Amino acid sequence: MEYNFIEIEKKWQDTWNEKHIYQVKNEDTRPAYYVLDMFPYPSGAGLHVGHPLGYIASDIFARYKRLQGFNVLHPMGYDAFGLPAEQYAIEHGIPPAVSTAQNIKNFRKQLDRIGFSYDWSREIKTSDPQYYKWTQWIFLQLFKSFYNRQNAKAEPIEKLVAVFEKEGNIHFPCPGNEHTIFTPEMWNSYDEKIKMEILMNYRLAYCGYGEVNWCEGLGTVLANDEVMNGLSERGGFPVERKTLRQWYLRITEYADRLLEGLLRVDFSDSMKEMQSNWIGKSTGAEISFQIHNVSNESVKVYTTRPDTIFGVDFLVLAPEHILVSQITTPDHQKEVDEYKAYMKSRSDRERQAEKKITGCFTGAFAVHPFSDKLIPVWISEYVLAGYGTGAIMAVPCGDERDFKFAQHFNIPITNIIGREFNGEMANDTKDAILENSDFLNGVKMRDAAEMVLQKLAEKNIGKAKIQYKMRDAAFSRQRYWGEPFPIIWQDDIAYPMNENELPLLLPPVDELKPGPHGQGPLANNREWIENVPGNGIRESSTMPGYAGSSWYFLRYMDPHNNDRFCDKKISNYWGNVDLYIGGTEHAVGHLLYSRMWTKFLFDLDLINFDEPFKRLLNQGMIQGSSRFVYKLIYTIENVQPSNLPVIFISKKYADHFLEKNEFDETGALQLGKIVNDYFKKTIEPINIFIQNITPIHTDVNMVNGFELNMDEFKKWRNHEYGDACFILDDGKYICGAEVEKMSKSKFNTINPDDLVLKYGADTFRLYEMFLGPVEQSKPWDTKGIEGVHRFLKKLWRLFFDESKGSLMYESEASSDELKILHTAIKKVKEDTERFSFNTAVSAFMIAVNELTTLKCHNIAILKPLIILLAPYAPHIAEELYQHVRLYKQENNFESILDETLPVVNEKYLMETSKNYPVSINGKLRTTISISLEAGQQGVETIILSNEVVKKWLDGKPHKKIIYVKNKMINIVI
RNA sequence: GCCCGGAUGGCGGAAUUGGUAGACGCGUCAGACUCAAAAUCUGGUAUCAGCAAUGAUGUGCAGGUUCGAUUCCUGUUCCGGGCACCA
């Protein structure tokens with residue numbers, strides 16, 4: 001009987017399915033455990049081997065927890081809204097709903113082959129109206145709420161209105177506009193429109209204005225990755241910054257709680273660091289600088305170093321700062337306008353990445369608040385409008401960028417830190433004693449900030465301020481394929497729809513062209529836009545991808561509930577996600593948004609936890625190993641280029657040419673032969689002109705190692721290279737290689753289906769894990785898969801012999817056998833719990849190798865071993881398990897999935913002695929077996945009488961002997 | 001540019017808390033079985049020197065701390081991820 005994985009895997013997948021073995025109930029006596037994969041976007045390209053890496057890890061963990069007696073929730077669904085489907089629709093005319101459904105079907109088929117334990121009865125899709133009804137509903141709650149800073153909690157906006165009527169906003173400063181200050185009398189006298197505008201500045205979901213990548217040529221807003229070097233990727237039209245009305249989430253109000261929550265979750269330190277850097281909390285001061293000769297105009301700057309106030313040599317404003325046009329003097333107007341025009345084409349990222357120093361003097365001067373010195377005011381791209389006040393005070397002796405700017409534009413530098421500043425580079429120390437600093441002279445920098453703040457307060461020109469780098473999250477997209485906003489505009493006031501009218505369905509549209517005035521495609525559907533009572537119109541933007549994915553983990557708990565997004569009783573049972581697995585690329589986007597939504601829903605008392613994910617595991621990215629063929633670009637005198645044969649040259653010759661810009665001799669001979677054969681006449685080599693060599697991505701599936709299968713290559717892409725000729729290296733065509741992102745366009749994708757077909761799902765699962773640490777990125781290489789496949793066959797042969805049949809017997813296990821088993825149990829348990837799946841697989845291999853050596857076919861050993869293996873290789877484990885049950889004449893059906901995980905018994909692992917490494921001066925010289933009981937004295941006696949040690953001591957005395965029990969011995973001479 | 005990772009044999013990787021560097025697998029070499037092949041099994045395999053015993057070198061690079069460093073510290077190079085409308 002041999003290991004027929006195709007039959008076995010099909011049988012058990014079908015059986016598990018029929019018996020609904022993965023269906024999970026929302027109540028159980030067992031403790032709940034929630035294992036979740038990050039929501040996949042069902043891309044048209046289908047699964048490649050990189051996708052299932054995390055899914056396999058989570059599946060192993062979910063199955064492991066189940067064996068440990070937990071009721072495990074392990075669902076899967078689709079983040080189905082998104083730009084690619086819309087793009088596909090524009091290019092191919094297939095509606096997003098249709099292509100998405102197709103992609104999901106394909107995705108599901110691929111997932112099913114790998115044998116995951118998902119409870120598919122809980123599947124959700126964000127594009128399903130039954131799902132987005134609740135996304136819209138939560139949005140409405142955000143819209144109807146404000147953040148009460150007094151108790152740090154979201155509350156209904158009605159409460160705020162009641163406060164305004166009684167006391168104005170004196171105790172509730174406006175987060176959207178700090179200049180909004182009113183008394184109750186004023187509030188009560190405002191009309192509806194003004195009231196609604198004021199409330200908009202408090203709402204957690206609000207409408208405001210923001211900059212976007214505007215492409216006039218396409219009439220649409222573009223995503224950053226649709227823009228290449230200031231041009232649209234599609235069509236190559238210029239892209240510029242444009243201000244448009246946008247919806248936002250006031251995530252900045254949650255900044256402190258998002259920081260605090262990081263202390264309570266089990267994420268990697270680097271992940272927490274990335275999030276807190278993104279939030280970017282800094283303490284500093286906001287300081288007003290009066291503009292010289294312009295009455296009543298002052299520039300507010302934000303600085304984290306108020307202690308350096310006397311080192312200010314110039315101010316820099318963001319070019320888009322509103323004051324720029326007011327303060328620019330006529331003689332600098334032209335220059336400033338030109339600089340601002342240049343800035344329109346620059347993205348924030350380009351501006352920050354720019355090494356070249358650019359800027360422009362406005363002609364204006366500011367007055368130093370203490371010394372009354374006149375300070376020139378510049379504009380430069382390194383100051384961003386969106387951060388702080390959009391203006392900085394530049395202190396070149398203490399800040400690198402300021403220093404370079406001053407140097408570049410020859411601005412004199414004031415030194416306030418004496419010897420700490422060498423005049424050649426800035427020194428951002430906080431420990432210097434201040435000089436040239438008026439009332440701060442002789443004060444330590446760390447103590448100066450407080451004094452400055454006090455003086456600023458006295459003069460009423462500045463105050464301490466906490467600043468966040470994080471900005472409010474843009475929440476609208478001028479796109480079609482997303483959730484419509486349940487908002488109706490009436491007289492330019494946004495009104496929420498009634499909750500009982502949800503879902504607001506996304507209407508079908510005939511053509512996905514952009515709407516007028518930078519609006520999304522929905523704006524073209526006048527019937528839908530205007531189909532509201534009165535003279536109102538609908539919001540034409542849709543929500544972004546992260547809307548649906550910010551709360552999906554809650555819907556899985558109660559996916560079919562028509563009355564609530566999730567019953568609170570049920571979310572109480574499951575609690576937040578115990579283990580969340582996904583890539584680091586979501587570090588600051590999805591993870592922060594879902595953390596915010598969770599806190600918001602918690603504030604509204606709709607769930608009773610305020611962090612969505614207890615523990616996070618980041619899986620690495622599996623990269624592709626691309627292969628290249630090298631196409632020769634050449635001409636022959638008197639021959640039309642189109643009549644020339646297409647020639648590819650093997651790597652060696654390509655390298656030679658690219659390096660030395662000449663053709664290798666043996667290569668030239670082959671080239672001559674190819675050309676002569678092709679034209680059936682002799683062409684003088686002198687008439688062949690080689691211009692260049694272009695590497696072309698070729699499908700890695702046609703390449704064995706580096707050797708190209710030339711026949712397959714000729715058939716590739718509908719015989720595009722059907723007539724190709726090859727210049728070979730030792731009879732072979734050798735390809736070039738490079739590690740890149742796995743992607744269809746690079747022809748380096750490996751489809752899991754092919755591997756499952758060839759080796760089975762169990763082998764595939766084990767191999768993905770065996771590749772290396774799950775957190776680490778690595779290029780895919782199929783080469784080693786044979787090894788894990790062999791392991792499974794070897795395991796099989798512990799139970800069955802091809803000719804003799806079953807080998808199983810049951811008897812009392814020997815101590816050797818028990819030691820092997822319990823070593824494996826211990827190692828696999830530890831490794832699984834610390835997500836070191838690769839070493840767990842190797843522990844299985846060691847166990848099977850050793851049991852094979854012992855010719856152990858004892859059920860007493862093998863049964864616990866396959867239960868231990870079941871999370872990793874469920875199909876073969878179930879098959880062997882059923883054979884064991886048959887042997888034991890247990891005839892009722894019970895799945896291995898509901899077995900109990902074997903527990904390690906340390907008594908089988910006890911050792912009495914250890915083979916100690918003995919080093920002399922830290923260099924290993926020998927090993928000596930010594931009892932684990934031995935003490936320092938005993939050990940010294942033993943090792944000093946050892947021949948090798950004596951030889952190295954060579955009669956000299958030793959200085960000391962370091963003995964670490966159960967570790968090592970080191971003799972210092 | 002800024003933030004976060006990573007770098008160990010021919011290859012993927014192991015070494016969990018500073019304690020025998022290279023577990024396990026691939027590849028490769030030699031052998032067994034076979035008419036032959038596949039499959040399977042056994043043994044070798046970091047590098048250099050040596051018949052061997054053994055010795056020297058060795059975890060991107062340059063330093064440092066330590067009896068002892070892949071592990072900790074400082075600096076540096078290269079590669080990957082993110083940087084707010086890809087998801």
# chains A, B, ... in the order shown; residues from 1 in each chain; ligands from 1
>>> closest_atom_pairs(of="chain A", to="chain B", cutoff="6 Å", atoms="only C-alpha atoms (C1' of nucleotides)", output="tab-separated table")
residue	atom	partner	partner_atom	distance
A:Ala223	CA	B:C85	C1'	4.1
A:Ser270	CA	B:C4	C1'	6.0
A:Gln352	CA	B:G1	C1'	5.3
A:Ala353	CA	B:G1	C1'	3.6
A:Leu771	CA	B:G12	C1'	5.8
A:Gly772	CA	B:G13	C1'	5.9
A:Gly784	CA	B:C26	C1'	4.6
A:Gly787	CA	B:G25	C1'	5.7
A:Ser842	CA	B:C24	C1'	4.7
A:Pro917	CA	B:U20	C1'	5.1
A:Gly922	CA	B:G68	C1'	5.0
A:Lys967	CA	B:G19	C1'	5.9
A:Met968	CA	B:G19	C1'	5.8
A:Val972	CA	B:C67	C1'	6.0
>>> atom_distance(atom1="atom CA of A:Thr243", atom2="atom CA of A:Lys344")
10.9 Å
>>> select_by_dssp(residues="stretch 604-768 of chain A", states="strand (DSSP E)", output="number ranges by chain")
A: 616-619, 622-636, 647-649, 688-698, 703-704, 707-708, 725-727, 736-740
>>> residues_around(residues="A:Asn293", least_positions_apart="5", cutoff="9 Å", atoms="only C-alpha atoms (C1' of nucleotides)", output="list in words")
Ala364, Phe365 and Ala366 of chain A
>>> select_by_dssp(residues="stretch 729-791 of chain A", states="helix (DSSP H, G or I)", output="ChimeraX atom specification")
/A:744-746,752-759,761-770,782-791
>>> residues_around(residues="A:Phe146", least_positions_apart="2", cutoff="10 Å", atoms="only C-alpha atoms (C1' of nucleotides)", output="PyMOL selection string")
chain A and resi 141-144+148-149+153-160+175+199-206+250+253
>>> closest_residue(among="A:Ser298, A:Gln519, A:Thr941, A:Gln275", to="A:His590", atoms="only C-alpha atoms")
A:Gln275
>>> residues_around(residues="B:A46", least_positions_apart="5", cutoff="8 Å", atoms="only C-alpha atoms (C1' of nucleotides)", output="JSON list (two decimals) with C-alpha atoms (C1' of nucleotides), in the first residue's frame")
[["chain", "number", "residue", "atom", "x", "y", "z"],
["B", 9, "G", "C1'", 28.03, 26.50, 3.80],
["B", 22, "G", "C1'", 25.96, 24.87, 10.44],
["B", 58, "G", "C1'", 34.86, 31.32, 9.47]]
>>> atom_distance(atom1="atom CA of A:Phe289", atom2="atom CA of A:Val367")
5.9 Å
>>> closest_residue(among="B:A15, B:A32, B:C41, B:C78", to="B:G60", atoms="only C-alpha atoms (C1' of nucleotides)")
B:C78
>>> atom_distance(atom1="atom CA of A:Ile928", atom2="atom CA of A:Ile971")
13.3 Å
>>> residues_around(residues="A:Gln623", least_positions_apart="3", cutoff="12 Å", atoms="only C-alpha atoms (C1' of nucleotides)", output="ChimeraX atom specification")
/A:48-51,53,620,626,738-743,746,748-750,776-781 /B:80-81
>>> closest_atom_pairs(of="stretch 41-104 of chain A", to="stretch 16-31 of chain A", cutoff="12 Å", atoms="only C-alpha atoms", output="JSON lines")
{"residue": "A:Asp59", "atom": "CA", "partner": "A:Tyr22", "partner_atom": "CA", "distance": 11.5}
{"residue": "A:Ala62", "atom": "CA", "partner": "A:Tyr22", "partner_atom": "CA", "distance": 10.8}
{"residue": "A:Arg63", "atom": "CA", "partner": "A:Tyr22", "partner_atom": "CA", "distance": 10.0}
{"residue": "A:Lys65", "atom": "CA", "partner": "A:Pro31", "partner_atom": "CA", "distance": 10.2}
{"residue": "A:Arg66", "atom": "CA", "partner": "A:Arg30", "partner_atom": "CA", "distance": 9.7}
{"residue": "A:Leu67", "atom": "CA", "partner": "A:Arg30", "partner_atom": "CA", "distance": 11.5}
{"residue": "A:Gln68", "atom": "CA", "partner": "A:Arg30", "partner_atom": "CA", "distance": 10.0}
{"residue": "A:Gly69", "atom": "CA", "partner": "A:Arg30", "partner_atom": "CA", "distance": 6.5}
{"residue": "A:Phe70", "atom": "CA", "partner": "A:Pro31", "partner_atom": "CA", "distance": 5.2}
{"residue": "A:Asn71", "atom": "CA", "partner": "A:Arg30", "partner_atom": "CA", "distance": 5.5}
{"residue": "A:Val72", "atom": "CA", "partner": "A:Val24", "partner_atom": "CA", "distance": 7.2}
{"residue": "A:Leu73", "atom": "CA", "partner": "A:Val24", "partner_atom": "CA", "distance": 6.5}
{"residue": "A:His74", "atom": "CA", "partner": "A:Val24", "partner_atom": "CA", "distance": 8.5}
{"residue": "A:Pro75", "atom": "CA", "partner": "A:Val24", "partner_atom": "CA", "distance": 9.5}
{"residue": "A:Met76", "atom": "CA", "partner": "A:Tyr22", "partner_atom": "CA", "distance": 12.0}
>>> closest_residue(among="A:His517, A:His875, A:Arg234, A:Arg627", to="A:Val700", atoms="only C-alpha atoms")
A:Arg627
>>> residues_around(residues="stretch 407-410 of chain A", least_positions_apart="4", cutoff="10 Å", atoms="only C-alpha atoms (C1' of nucleotides)", output="PyMOL selection string")
chain A and resi 356-361+396+401-403+424-425
>>> write_last_selection(atoms="N, CA, C and O atoms", output="compact mmCIF listing (two decimals), in the first residue's frame")
# COMPACT_ATOMS: atom_id res chain seq x y z
N LYS A 356 18.24 67.60 -3.07
CA LYS A 356 18.61 68.91 -3.54
C LYS A 356 17.91 69.96 -2.67
O LYS A 356 16.74 69.80 -2.33
N ILE A 357 18.63 70.98 -2.29
CA ILE A 357 18.03 72.01 -1.45
C ILE A 357 17.42 73.07 -2.34
O ILE A 357 18.10 73.67 -3.18
N THR A 358 16.12 73.28 -2.19
CA THR A 358 15.47 74.32 -2.96
C THR A 358 14.69 75.19 -2.00
O THR A 358 14.34 74.77 -0.91
N GLY A 359 14.41 76.39 -2.40
CA GLY A 359 13.66 77.31 -1.57
C GLY A 359 13.69 78.67 -2.19
O GLY A 359 14.29 78.86 -3.26
N CYS A 360 13.04 79.60 -1.53
CA CYS A 360 12.87 80.89 -2.15
C CYS A 360 12.56 81.90 -1.05
O CYS A 360 11.74 81.66 -0.17
N PHE A 361 13.23 83.04 -1.11
CA PHE A 361 13.03 84.09 -0.11
C PHE A 361 11.79 84.88 -0.48
O PHE A 361 11.58 85.21 -1.65
N PRO A 396 19.78 76.66 12.49
CA PRO A 396 20.80 75.91 11.73
C PRO A 396 21.89 75.27 12.61
O PRO A 396 22.42 74.25 12.22
N ARG A 401 18.81 69.77 8.67
CA ARG A 401 18.20 70.31 7.45
C ARG A 401 18.28 71.83 7.41
O ARG A 401 18.56 72.44 6.38
N ASP A 402 18.03 72.43 8.56
CA ASP A 402 18.13 73.90 8.65
C ASP A 402 19.55 74.34 8.33
O ASP A 402 19.78 75.34 7.65
N PHE A 403 20.50 73.57 8.84
CA PHE A 403 21.91 73.90 8.62
C PHE A 403 22.26 73.88 7.13
O PHE A 403 22.87 74.81 6.60
N GLU A 424 30.65 73.01 11.11
CA GLU A 424 30.66 72.15 9.92
C GLU A 424 29.43 71.28 9.80
O GLU A 424 29.06 70.83 8.73
N MET A 425 28.82 70.99 10.92
CA MET A 425 27.54 70.29 10.87
C MET A 425 26.73 70.64 12.12
O MET A 425 27.28 71.02 13.15
>>> closest_residue(among="B:U42, B:U34, B:U47, B:U76", to="B:G63", atoms="only C-alpha atoms (C1' of nucleotides)")
B:U76
